[in-house]
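Next comes final-v4.cif, with mmCIF, C-alpha atoms and all ligand atoms.
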data_input
#
loop_
_atom_site.label_atom_id
_atom_site.label_comp_id
_atom_site.auth_asym_id
_atom_site.auth_seq_id
_atom_site.Cartn_x
_atom_site.Cartn_y
_atom_site.Cartn_z
CA MET A 1 -1.89 -53.93 -5.33
CA SER A 2 1.20 -52.22 -6.71
CA ALA A 3 2.49 -48.97 -5.20
CA THR A 4 1.79 -45.68 -6.96
CA PRO A 5 4.65 -44.99 -9.37
CA PRO A 6 6.87 -42.13 -8.17
CA LEU A 7 6.23 -38.60 -9.36
CA SER A 8 8.77 -36.44 -11.17
CA ALA A 9 10.88 -34.08 -9.08
CA THR A 10 9.03 -31.17 -10.71
CA ALA A 11 5.60 -32.51 -9.79
CA GLY A 12 6.80 -33.14 -6.26
CA SER A 13 7.78 -29.49 -5.86
CA ILE A 14 4.55 -27.93 -7.19
CA GLY A 15 1.50 -27.25 -5.04
CA ALA A 16 -2.01 -26.51 -6.37
CA SER A 17 -2.82 -22.85 -7.13
CA VAL A 18 -3.98 -21.53 -3.76
CA THR A 19 -6.24 -18.96 -5.37
CA LEU A 20 -8.03 -21.59 -7.45
CA LYS A 21 -8.13 -24.01 -4.49
CA LEU A 22 -9.83 -21.38 -2.33
CA ASN A 23 -12.34 -20.67 -5.13
CA SER A 24 -13.32 -24.35 -5.14
CA ALA A 25 -13.42 -24.59 -1.34
CA ALA A 26 -15.72 -21.54 -1.10
CA ALA A 27 -18.04 -22.89 -3.83
CA ARG A 28 -18.24 -26.27 -2.06
CA MET A 29 -19.05 -24.69 1.31
CA ARG A 30 -21.71 -22.50 -0.30
CA ALA A 31 -23.27 -25.52 -2.00
CA GLU A 32 -23.45 -27.20 1.42
CA GLY A 33 -25.48 -24.23 2.69
CA GLU A 34 -22.70 -22.63 4.77
CA PRO A 35 -22.90 -18.81 5.00
CA VAL A 36 -19.38 -18.51 3.60
CA ILE A 37 -18.17 -15.13 2.35
CA HIS A 38 -15.66 -15.43 -0.47
CA LEU A 39 -13.19 -12.55 -0.53
CA GLY A 40 -10.52 -14.75 -2.10
CA GLY A 41 -11.68 -14.76 -5.70
CA GLY A 42 -10.01 -13.14 -8.66
CA GLU A 43 -12.69 -12.77 -11.31
CA PRO A 44 -15.18 -9.99 -12.05
CA LYS A 45 -18.80 -11.02 -11.62
CA SER A 46 -20.18 -8.93 -14.49
CA LEU A 47 -21.35 -10.64 -17.68
CA ALA A 48 -19.18 -11.15 -20.76
CA PRO A 49 -19.83 -8.46 -23.43
CA ALA A 50 -23.02 -9.26 -25.38
CA GLU A 51 -21.16 -9.11 -28.72
CA ALA A 52 -18.67 -11.73 -27.45
CA VAL A 53 -21.47 -14.08 -26.41
CA ALA A 54 -23.25 -13.59 -29.74
CA ALA A 55 -20.10 -14.31 -31.74
CA GLY A 56 -19.42 -17.48 -29.75
CA ILE A 57 -22.99 -18.70 -30.23
CA ALA A 58 -22.96 -17.89 -33.95
CA LEU A 59 -19.86 -20.01 -34.49
CA LEU A 60 -21.14 -22.84 -32.31
CA LYS A 61 -24.42 -22.89 -34.25
CA THR A 62 -22.62 -23.64 -37.50
CA GLY A 63 -21.49 -26.91 -35.94
CA GLU A 64 -18.15 -26.40 -37.66
CA VAL A 65 -15.88 -26.06 -34.71
CA ARG A 66 -12.42 -27.11 -35.89
CA TYR A 67 -8.83 -26.86 -34.82
CA THR A 68 -7.30 -23.44 -35.36
CA PRO A 69 -3.62 -22.73 -36.10
CA ALA A 70 -1.58 -23.45 -32.95
CA ALA A 71 -0.76 -19.76 -32.40
CA GLY A 72 -4.37 -18.62 -32.90
CA THR A 73 -6.76 -17.67 -35.69
CA PRO A 74 -5.74 -14.89 -38.13
CA ALA A 75 -8.81 -12.91 -36.96
CA MET A 76 -7.76 -13.16 -33.30
CA LYS A 77 -4.18 -12.23 -34.12
CA ASP A 78 -5.45 -9.21 -36.08
CA ALA A 79 -7.57 -8.16 -33.09
CA VAL A 80 -4.45 -8.34 -30.87
CA ILE A 81 -2.52 -6.34 -33.48
CA ALA A 82 -5.22 -3.63 -33.33
CA TYR A 83 -5.14 -3.75 -29.49
CA THR A 84 -1.36 -3.33 -29.50
CA GLU A 85 -1.57 -0.33 -31.77
CA ARG A 86 -4.30 1.24 -29.68
CA TYR A 87 -2.82 0.73 -26.21
CA TYR A 88 0.94 0.45 -26.92
CA ASP A 89 1.35 2.59 -30.01
CA ARG A 90 3.29 -0.16 -31.78
CA ARG A 91 2.57 -1.64 -35.21
CA ILE A 92 3.22 -5.35 -35.28
CA GLY A 93 2.64 -8.32 -37.61
CA ARG A 94 0.93 -11.65 -37.09
CA ASP A 95 4.31 -13.27 -36.43
CA ASN A 96 4.57 -11.11 -33.29
CA VAL A 97 1.43 -12.66 -31.72
CA MET A 98 0.62 -15.97 -30.07
CA VAL A 99 -2.87 -16.63 -28.72
CA SER A 100 -3.15 -19.00 -25.75
CA ALA A 101 -5.61 -20.72 -23.43
CA GLY A 102 -5.49 -17.79 -20.98
CA ALA A 103 -2.61 -15.49 -20.07
CA LYS A 104 -1.56 -18.25 -17.69
CA GLN A 105 -0.66 -20.51 -20.59
CA ALA A 106 1.02 -17.66 -22.49
CA ILE A 107 3.26 -16.95 -19.47
CA MET A 108 4.03 -20.63 -18.98
CA VAL A 109 4.91 -21.20 -22.64
CA ALA A 110 7.08 -18.04 -22.61
CA LEU A 111 9.05 -19.43 -19.67
CA MET A 112 9.38 -22.81 -21.39
CA ALA A 113 10.78 -21.04 -24.45
CA LEU A 114 13.29 -18.95 -22.50
CA VAL A 115 14.46 -20.84 -19.41
CA ASN A 116 17.13 -23.55 -19.23
CA PRO A 117 17.41 -25.80 -16.15
CA GLY A 118 18.80 -23.75 -13.27
CA ASP A 119 18.25 -20.36 -14.93
CA GLU A 120 16.93 -17.63 -12.67
CA VAL A 121 13.56 -15.92 -13.06
CA VAL A 122 13.44 -12.62 -11.18
CA PHE A 123 10.23 -10.85 -10.07
CA PRO A 124 9.26 -8.27 -7.45
CA VAL A 125 7.45 -9.02 -4.18
CA PRO A 126 4.51 -9.11 -3.75
CA TYR A 127 4.10 -11.39 -6.76
CA TRP A 128 1.18 -13.28 -8.22
CA VAL A 129 0.95 -16.75 -6.63
CA SER A 130 1.69 -18.66 -9.82
CA TYR A 131 5.02 -17.00 -10.76
CA PRO A 132 7.34 -19.09 -8.55
CA GLU A 133 5.56 -22.32 -9.49
CA MET A 134 5.63 -21.47 -13.19
CA ALA A 135 9.37 -20.72 -13.00
CA ARG A 136 9.89 -24.12 -11.34
CA ILE A 137 7.73 -26.00 -13.87
CA ALA A 138 9.94 -24.48 -16.59
CA GLY A 139 13.01 -25.85 -14.76
CA GLY A 140 14.08 -22.42 -13.50
CA VAL A 141 14.81 -20.96 -10.09
CA PRO A 142 12.41 -18.27 -8.83
CA VAL A 143 14.15 -15.17 -7.40
CA PRO A 144 11.73 -12.83 -5.59
CA VAL A 145 13.01 -9.29 -5.00
CA PRO A 146 11.85 -7.67 -1.73
CA LEU A 147 9.96 -4.42 -2.02
CA ASP A 148 10.78 -1.03 -0.63
CA LYS A 149 7.80 -0.39 1.66
CA GLU A 150 7.78 3.35 1.04
CA ALA A 151 7.54 3.06 -2.75
CA TYR A 152 5.57 -0.19 -2.68
CA GLN A 153 7.84 -1.55 -5.40
CA PRO A 154 11.45 -2.75 -5.23
CA THR A 155 14.19 -0.17 -5.65
CA VAL A 156 16.05 -0.29 -8.95
CA ALA A 157 19.16 -1.10 -6.91
CA ALA A 158 17.42 -4.15 -5.39
CA MET A 159 16.42 -5.32 -8.87
CA ALA A 160 19.98 -4.80 -10.12
CA ALA A 161 21.39 -6.74 -7.16
CA ALA A 162 19.09 -9.67 -7.96
CA LEU A 163 20.42 -10.07 -11.51
CA THR A 164 23.18 -12.62 -11.96
CA ALA A 165 24.85 -14.41 -14.85
CA ARG A 166 22.06 -17.03 -14.53
CA THR A 167 19.18 -14.56 -14.88
CA ARG A 168 17.22 -15.24 -18.06
CA VAL A 169 13.89 -13.57 -17.36
CA VAL A 170 12.52 -10.64 -15.35
CA MET A 171 8.75 -10.75 -14.79
CA LEU A 172 6.84 -7.57 -14.02
CA ASN A 173 3.15 -7.16 -13.28
CA SER A 174 1.60 -3.70 -13.47
CA THR A 175 -0.99 -3.02 -12.25
CA SER A 176 -0.08 -5.59 -9.62
CA ASN A 177 -1.99 -8.57 -8.28
CA PRO A 178 -2.11 -8.49 -5.24
CA SER A 179 -1.10 -4.91 -4.33
CA GLY A 180 -3.15 -3.00 -6.93
CA LYS A 181 -0.11 -0.75 -7.36
CA ILE A 182 1.25 0.65 -10.62
CA LEU A 183 4.98 0.37 -11.38
CA SER A 184 6.39 3.84 -12.05
CA GLN A 185 7.65 4.81 -15.48
CA ASP A 186 11.11 5.57 -14.03
CA PHE A 187 11.35 2.13 -12.47
CA LEU A 188 10.23 0.43 -15.68
CA THR A 189 12.62 2.46 -17.81
CA GLU A 190 15.59 1.60 -15.59
CA VAL A 191 14.77 -2.09 -15.28
CA ILE A 192 13.99 -2.54 -18.97
CA GLY A 193 17.24 -0.77 -19.91
CA MET A 194 19.21 -2.94 -17.49
CA CYS A 195 17.70 -6.13 -18.93
CA GLN A 196 18.27 -5.02 -22.52
CA ASP A 197 21.94 -4.33 -21.78
CA ARG A 198 22.37 -7.84 -20.40
CA GLY A 199 20.22 -9.76 -22.88
CA ILE A 200 17.64 -10.68 -20.23
CA ALA A 201 14.08 -11.22 -21.46
CA ILE A 202 11.33 -9.10 -19.89
CA LEU A 203 7.86 -10.53 -19.32
CA MET A 204 5.28 -7.80 -18.81
CA ASP A 205 2.12 -9.25 -17.30
CA ASP A 206 -0.36 -6.54 -18.29
CA ILE A 207 -3.55 -8.42 -17.49
CA TYR A 208 -4.77 -5.58 -15.22
CA HIS A 209 -3.31 -2.63 -17.18
CA ARG A 210 -6.70 -1.16 -18.07
CA LEU A 211 -8.29 -1.79 -14.67
CA VAL A 212 -7.00 1.38 -12.99
CA PHE A 213 -8.93 4.05 -11.10
CA ASP A 214 -9.00 7.80 -10.50
CA GLY A 215 -8.30 8.47 -14.17
CA ARG A 216 -4.80 7.03 -13.78
CA HIS A 217 -2.74 5.41 -16.50
CA THR A 218 -0.50 2.36 -16.17
CA PRO A 219 2.81 3.23 -17.86
CA HIS A 220 3.58 0.48 -20.35
CA CYS A 221 6.87 -0.96 -21.51
CA TYR A 222 6.91 0.79 -24.87
CA GLU A 223 6.75 4.16 -23.12
CA CYS A 224 10.02 3.09 -21.53
CA THR A 225 12.04 2.01 -24.56
CA ASP A 226 12.53 3.36 -28.08
CA LYS A 227 13.08 -0.10 -29.49
CA SER A 228 10.63 -1.90 -31.74
CA VAL A 229 8.68 -4.97 -30.61
CA ASP A 230 11.20 -7.17 -32.47
CA GLU A 231 14.20 -5.52 -30.82
CA ALA A 232 13.07 -4.69 -27.29
CA GLY A 233 13.39 -8.19 -25.79
CA ILE A 234 9.96 -7.80 -24.21
CA LEU A 235 6.95 -10.13 -24.19
CA VAL A 236 3.66 -8.48 -23.26
CA LEU A 237 1.15 -10.92 -21.78
CA ASN A 238 -2.53 -10.14 -21.61
CA GLY A 239 -5.97 -11.67 -22.06
CA VAL A 240 -9.72 -11.26 -21.97
CA SER A 241 -10.23 -12.71 -18.48
CA LYS A 242 -10.18 -9.61 -16.32
CA GLN A 243 -10.92 -6.61 -18.56
CA TYR A 244 -13.89 -8.28 -20.27
CA ALA A 245 -14.94 -10.52 -17.36
CA MET A 246 -14.33 -13.55 -19.61
CA THR A 247 -12.34 -15.77 -17.24
CA GLY A 248 -14.00 -19.01 -18.33
CA PHE A 249 -13.39 -18.44 -22.03
CA ARG A 250 -9.67 -19.04 -21.44
CA VAL A 251 -8.12 -16.72 -23.97
CA GLY A 252 -4.87 -14.81 -23.52
CA TRP A 253 -1.98 -13.78 -25.73
CA ALA A 254 1.67 -12.89 -25.94
CA VAL A 255 3.12 -10.10 -28.10
CA GLY A 256 6.87 -10.03 -28.69
CA PRO A 257 9.87 -10.57 -30.95
CA ALA A 258 9.03 -12.89 -33.85
CA PRO A 259 11.74 -15.51 -33.10
CA ILE A 260 10.54 -15.93 -29.50
CA ILE A 261 6.89 -16.04 -30.59
CA LYS A 262 7.82 -18.71 -33.15
CA ALA A 263 9.57 -20.83 -30.51
CA MET A 264 6.58 -20.41 -28.17
CA SER A 265 4.14 -21.35 -30.93
CA ASN A 266 6.15 -24.49 -31.67
CA ILE A 267 5.93 -25.50 -28.01
CA GLN A 268 2.21 -24.70 -27.85
CA SER A 269 1.58 -26.73 -31.01
CA HIS A 270 2.57 -29.84 -29.03
CA LEU A 271 1.20 -28.76 -25.67
CA SER A 272 -2.40 -27.94 -26.53
CA GLY A 273 -2.67 -26.75 -30.12
CA GLY A 274 -4.65 -23.56 -30.72
CA PRO A 275 -6.98 -22.29 -27.99
CA CYS A 276 -10.72 -23.03 -28.08
CA THR A 277 -12.14 -21.96 -31.44
CA ILE A 278 -15.41 -20.66 -29.98
CA SER A 279 -13.59 -18.64 -27.34
CA GLN A 280 -11.31 -17.06 -29.92
CA ALA A 281 -14.33 -15.94 -31.97
CA ALA A 282 -15.90 -14.47 -28.83
CA SER A 283 -12.64 -12.73 -27.90
CA VAL A 284 -12.32 -11.12 -31.33
CA ALA A 285 -15.77 -9.60 -30.83
CA ALA A 286 -14.85 -8.38 -27.34
CA LEU A 287 -11.60 -6.81 -28.51
CA LEU A 288 -13.18 -5.10 -31.52
CA GLY A 289 -16.43 -4.18 -29.74
CA ASP A 290 -17.44 -0.79 -28.35
CA GLN A 291 -15.64 -1.32 -24.99
CA GLN A 292 -18.68 -0.09 -23.02
CA SER A 293 -18.57 -3.16 -20.80
CA VAL A 294 -14.98 -2.30 -19.80
CA ASP A 295 -16.01 1.27 -18.92
CA ARG A 296 -18.91 -0.03 -16.82
CA LEU A 297 -16.69 -2.60 -15.08
CA LEU A 298 -14.13 0.06 -14.30
CA ALA A 299 -16.67 2.49 -12.83
CA ASP A 300 -18.16 -0.31 -10.76
CA LEU A 301 -14.77 -1.50 -9.48
CA GLU A 302 -13.69 2.02 -8.56
CA GLU A 303 -16.78 2.45 -6.41
CA ARG A 304 -16.15 -0.94 -4.80
CA ARG A 305 -12.49 -0.07 -4.19
CA ASN A 306 -13.57 3.11 -2.39
CA GLN A 307 -16.05 1.31 -0.16
CA THR A 308 -13.80 -1.68 0.55
CA ALA A 309 -10.79 0.47 1.38
CA ASP A 310 -12.90 2.68 3.68
CA LEU A 311 -14.20 -0.37 5.52
CA LEU A 312 -10.75 -1.94 5.92
CA GLU A 313 -9.18 1.32 7.05
CA SER A 314 -11.87 1.58 9.71
CA ILE A 315 -10.49 -1.53 11.47
CA PRO A 316 -7.96 -0.31 14.04
CA GLY A 317 -4.64 -2.08 13.47
CA VAL A 318 -5.18 -2.89 9.80
CA GLU A 319 -2.83 -1.02 7.44
CA LEU A 320 -3.87 -0.56 3.83
CA LEU A 321 -2.23 1.26 0.98
CA ARG A 322 -5.18 2.01 -1.30
CA PRO A 323 -4.96 0.04 -4.55
CA ASP A 324 -4.73 2.13 -7.74
CA GLY A 325 -6.35 -0.64 -9.76
CA THR A 326 -7.28 -4.37 -10.02
CA PHE A 327 -9.95 -5.74 -7.68
CA TYR A 328 -7.84 -6.57 -4.66
CA CYS A 329 -7.00 -4.89 -1.38
CA PHE A 330 -3.73 -6.16 0.07
CA ALA A 331 -3.70 -5.21 3.71
CA ASP A 332 -1.24 -5.62 6.56
CA PHE A 333 -2.82 -7.65 9.39
CA SER A 334 0.48 -8.36 11.17
CA ALA A 335 -0.70 -6.41 14.24
CA PHE A 336 -3.08 -9.36 14.82
CA ASP A 337 -1.06 -12.31 13.56
CA ALA A 338 2.28 -12.30 11.78
CA ASP A 339 1.43 -15.76 10.38
CA SER A 340 -0.87 -14.97 7.44
CA ALA A 341 -1.80 -18.60 6.70
CA ARG A 342 -2.86 -19.11 10.31
CA LEU A 343 -4.93 -15.91 10.33
CA SER A 344 -6.60 -16.80 7.03
CA GLN A 345 -7.44 -20.24 8.45
CA ARG A 346 -8.86 -18.57 11.56
CA PHE A 347 -11.06 -16.34 9.36
CA LEU A 348 -12.32 -19.44 7.56
CA GLU A 349 -12.98 -21.56 10.63
CA LYS A 350 -14.34 -18.94 13.00
CA ILE A 351 -16.30 -16.60 10.73
CA GLN A 352 -16.34 -18.39 7.38
CA VAL A 353 -14.61 -15.65 5.47
CA VAL A 354 -12.17 -16.61 2.70
CA THR A 355 -9.08 -14.43 2.20
CA VAL A 356 -5.77 -15.29 0.53
CA PRO A 357 -2.78 -15.29 2.92
CA GLY A 358 -0.03 -12.80 2.06
CA ILE A 359 2.65 -15.49 2.29
CA GLU A 360 1.34 -16.87 -1.03
CA PHE A 361 2.37 -13.56 -2.60
CA GLY A 362 5.68 -13.47 -0.76
CA MET A 363 4.55 -11.02 1.94
CA GLU A 364 3.99 -12.47 5.39
CA GLY A 365 1.49 -10.74 7.69
CA TYR A 366 -0.75 -9.57 4.81
CA GLN A 367 -4.13 -10.77 3.54
CA ARG A 368 -5.57 -10.26 0.05
CA LEU A 369 -9.27 -9.40 -0.01
CA SER A 370 -11.07 -9.25 -3.36
CA PHE A 371 -13.83 -6.75 -4.02
CA CYS A 372 -14.94 -8.21 -7.33
CA GLY A 373 -17.87 -10.12 -5.78
CA GLY A 374 -21.05 -8.53 -4.39
CA MET A 375 -20.60 -5.47 -2.15
CA GLY A 376 -23.00 -7.11 0.30
CA ASP A 377 -20.46 -9.90 0.72
CA VAL A 378 -17.59 -7.45 1.12
CA ARG A 379 -19.47 -5.52 3.82
CA GLU A 380 -20.51 -8.68 5.66
CA GLY A 381 -17.04 -10.24 5.36
CA ILE A 382 -15.28 -7.18 6.73
CA ARG A 383 -17.94 -6.83 9.46
CA ARG A 384 -17.12 -10.37 10.60
CA ILE A 385 -13.35 -9.77 10.43
CA ARG A 386 -13.72 -6.58 12.42
CA TRP A 387 -15.74 -8.42 15.03
CA LEU A 388 -13.30 -11.34 15.26
CA LEU A 389 -10.27 -9.09 15.62
CA ASN A 390 -11.94 -6.78 18.11
CA GLU A 391 -11.72 -9.03 21.16
CA ASP A 392 -13.57 -6.46 23.28
CA GLY A 393 -16.55 -6.36 20.94
CA ALA A 394 -19.96 -8.00 21.26
CA PRO A 395 -19.88 -11.59 22.58
CA GLU A 396 -21.35 -13.24 19.51
CA LEU A 397 -22.13 -12.43 15.89
CA LYS A 398 -25.10 -13.50 13.84
CA ALA A 399 -25.01 -14.15 10.08
CA GLY A 400 -28.37 -15.30 8.72
CA ASP A 401 -29.23 -18.40 10.72
CA ARG A 402 -25.68 -18.88 11.93
CA VAL A 403 -24.18 -17.63 15.20
CA PHE A 404 -20.41 -17.29 15.41
CA THR A 405 -18.45 -17.42 18.63
CA ARG A 406 -14.84 -16.50 19.07
N1 LIG B 1 -1.52 -12.83 -14.34
C1 LIG B 1 -2.09 -12.37 -13.21
C2 LIG B 1 -1.35 -11.36 -12.40
C3 LIG B 1 -3.34 -12.86 -12.81
O1 LIG B 1 -3.89 -12.40 -11.67
C4 LIG B 1 -3.99 -13.82 -13.59
C5 LIG B 1 -5.33 -14.31 -13.10
N2 LIG B 1 -5.62 -15.57 -13.26
C6 LIG B 1 -3.35 -14.26 -14.77
C7 LIG B 1 -2.11 -13.74 -15.10
C8 LIG B 1 -3.91 -15.30 -15.69
O2 LIG B 1 -5.15 -15.00 -16.18
P1 LIG B 1 -5.87 -15.91 -17.28
O3 LIG B 1 -5.12 -17.19 -17.39
O4 LIG B 1 -7.25 -16.11 -16.78
O5 LIG B 1 -5.82 -15.13 -18.57
N1 LIG B 2 -5.69 -14.51 -10.90
C1 LIG B 2 -6.78 -14.75 -10.02
C2 LIG B 2 -6.32 -14.67 -8.59
O1 LIG B 2 -5.20 -14.31 -8.32
C3 LIG B 2 -7.56 -15.97 -10.41
C4 LIG B 2 -7.13 -17.29 -9.87
C5 LIG B 2 -5.95 -17.87 -10.58
O2 LIG B 2 -5.96 -17.99 -11.79
O3 LIG B 2 -5.00 -18.20 -9.87
O4 LIG B 2 -7.11 -14.93 -7.71
#
Give the structure from this file in structure tokens form.
Ligand code: PMP
Ligand code: GLU
Amino acid sequence: MSATPPLSATAGSIGASVTLKLNSAAARMRAEGEPVIHLGGGEPKSLAPAEAVAAGIALLKTGEVRYTPAAGTPAMKDAVIAYTERYYDRRIGRDNVMVSAGAKQAIMVALMALVNPGDEVVFPVPYWVSYPEMARIAGGVPVPVPLDKEAYQPTVAAMAAALTARTRVVMLNSTSNPSGKILSQDFLTEVIGMCQDRGIAILMDDIYHRLVFDGRHTPHCYECTDKSVDEAGILVLNGVSKQYAMTGFRVGWAVGPAPIIKAMSNIQSHLSGGPCTISQAASVAALLGDQQSVDRLLADLEERRNQTADLLESIPGVELLRPDGTFYCFADFSAFDADSARLSQRFLEKIQVVTVPGIEFGMEGYQRLSFCGGMGDVREGIRRIRWLLNEDGAPELKAGDRVFTR
């Protein structure tokens, strides 16, 4: 038998998405009857908006499910144009929009369009797990910028210090996965201005921008620059996954300067072609619908955030800065174990609770716990964690028909 042919250097340097890997591991354990509690997931459990489902079914029923233009259907582009006007106060044309198979693909294609081998891609810590890997797949060098713990975002000076002659892209994510924190308008204004002066592209990952609590607002890039979409050097990335609970539909988009969108669309035309036709029809209906499902999701998540944060804060030694949005709590567990991967593994093995280790987001000692699943799971998961970490507590813990020992 011949040996497996060697992999490319890029493939050799890329690991699987830890968040998706944990999703699969939890589903497998559950299917095997294990009382696993999954606090690692990153998708709302509510149903897709009824109008989106109906639109998808209606198209499917025609049996005419064809390729769409590589950058998306005119109807989907128009829905993104309306969204941009509503939430960003900017009027744009169809040549400013590319629709993708999820925001993930939009981000990846943006990096492929902007990054030359060895170029630097700068982003703040804590960052979403896929950013460093995406930068590498595009041939770039990821440059994480450490945060200022007080402000829970990097200082402008730290961002400035990270920019070099090789910097091509700055990626920002507000509201942030995993911290749930909103980047301040002052920070955004300074960083955007700095990038514009140096001709550095800005990628704004806005996938959680509407999922904020306490009546707060996530300042957006166009509140921080007077320039038009064609002149600002900014790509806004978003999608239906989180705000409409439509993760499996795989629809996202990029809005930005026409020449960059054109280059991205050319790349996408070879990579995958247009996104799924049925999913685009469903997404149009979600975007143009009455938005009640988003309001319900938001109210539900805010209540879950309150309960989850209260429970976590009740564990002596755990430090949490309450998230302003998203569906994650990112908490400091370093008082128990500075090695977040080891602690997460201990949670899984000893009490069958899945969390995502902070190291995956560039912050050692932290764990990310999602509250987008059932509150029963959140309560039970945190009860088990509290028990495991409280060495003086009761000698054993029962979960259904399973007894855990330390
Ligand atoms: N950005 C962030 C910060 C995310 O958490 C996710 C979640 N998967 C994405 C982008 C991509 O989302 P999707 O591909 O499902 O649109
Ligand atoms: N973005 C989610 C998360 O961080 C979903 C998983 C993924 O796409 O990586 O958990």
In the coordinate frame of the file, compute which residues have an atom within 8 Å of (-18.9, -13.6, -28.8) when using only C-alpha atoms, and state them as a ChimeraX atom specification. /A:49-58,278-279,281-286
Of the residues A:Glu190, A:Glu303, A:Glu120, A:Asp197, which is the one nearest to Thr167 (chain A), using only C-alpha atoms? A:Glu120
Surroundings of ligand LIG 2 (chain B) up to 7 Å, based on only C-alpha atoms and all ligand atoms, as a VMD selection string: chain A and resid 17 19 to 20 40 to 43 128 to 130 177
Which residues are near ligand LIG 1 (chain B) in this structure, taking near to mean any atom at most 10 Å from a ligand atom and counting all atoms listed in the file? Format them as a ChimeraX atom specification. /A:17,19-20,41-43,100-108,127-131,172-178,204-208,237-243,245-253,326-328
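Between CA of Ala309 (chain A) and CA of Leu397 (chain A) there is a distance of 22.5 Å.
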For Phe123 (chain A), list every protein, DNA or RNA residue within 10 Å, evaluated using only C-alpha atoms, and leave out those in the same chain fewer than 3 positions away; present the list as a list in words.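 Everything that qualifies: Glu120, Pro126, Tyr127, Trp128, Tyr131, Pro132, Pro142, Val143, Pro144, Val145, Pro146, Pro154, Met159, Ala162, Val169, Val170, Met171, Leu172, Asn173 and Leu203 of chain A.
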Quick one: pull the distance between CA of Ala138 (chain A) and CA of Ala258 (chain A), Å, one decimal.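 Computing it gives 20.8 Å between the two atoms.
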Atomic separation - CA of Gly93 (chain A) relative to CA of Arg66 (chain A), Å: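 CA of Arg66 (chain A) sits 24.1 Å away from CA of Gly93 (chain A).
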Tell me which of A:Arg136, A:Arg406, A:Arg168, A:Arg28 sits closest to Arg386 (chain A), counting all atoms listed in the file. A:Arg406
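Distances to Leu163 (chain A) were evaluated for A:Val122, A:Ile137, A:Leu147, A:Leu320 using only C-alpha atoms, and the minimum falls at A:Val122.
Nearest residue to Pro69 (chain A), choosing from A:Ile385, A:Pro275, A:Glu391, A:Gly373 and counting only C-alpha atoms: A:Pro275.
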Thr405 (chain A) environment, 9 Å, all atoms listed in the file, sequence neighbours closer than 4 positions dropped, as a list in words: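 In the requested format, the answer is Lys350, Ile351, Leu388, Pro395, Glu396 and Leu397 of chain A.
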Can you work out which one of A:Glu34, A:Asp332, A:Asp89, A:Asp324 has the shortest atom-to-atom distance to Val212 (chain A), counting all atoms listed in the file? A:Asp324
Among listed residues A:Ser265, A:Gln345, A:Ser370, A:Gln307, nearest Val109 (chain A) (using all atoms listed in the file): A:Ser265
Excluding Ala9 (chain A) and residues on its chain fewer than 3 positions from it, collect all residues at most 12 Å away from it, counting all atoms listed in the file, and give them as number ranges by chain. A: 6, 12-14, 136-137, 139
Surrounding residues of Phe371 (chain A) excluding itself and chain neighbours under 3 positions, 8 Å, only C-alpha atoms, as a PyMOL selection string: chain A and resi 39+301+304-305+308+327-329+374-375+378
Near Ala79 (chain A), counting all atoms listed in the file, which residues have an atom at most 8 Å away, once you skip same-chain residues fewer than 4 positions from it, shown as an MDAnalysis selection string? chainID A and resid 75 83 284 287:288
Protein/DNA/RNA residues near (6.6, 0.0, -18.6), cut 7 Å, all atoms listed in the file, as a list in words: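 Protein and nucleic acid residues near the point are Gln185, Leu188, Thr189, Pro219, His220, Cys221, Tyr222, Glu223 and Cys224 of chain A.
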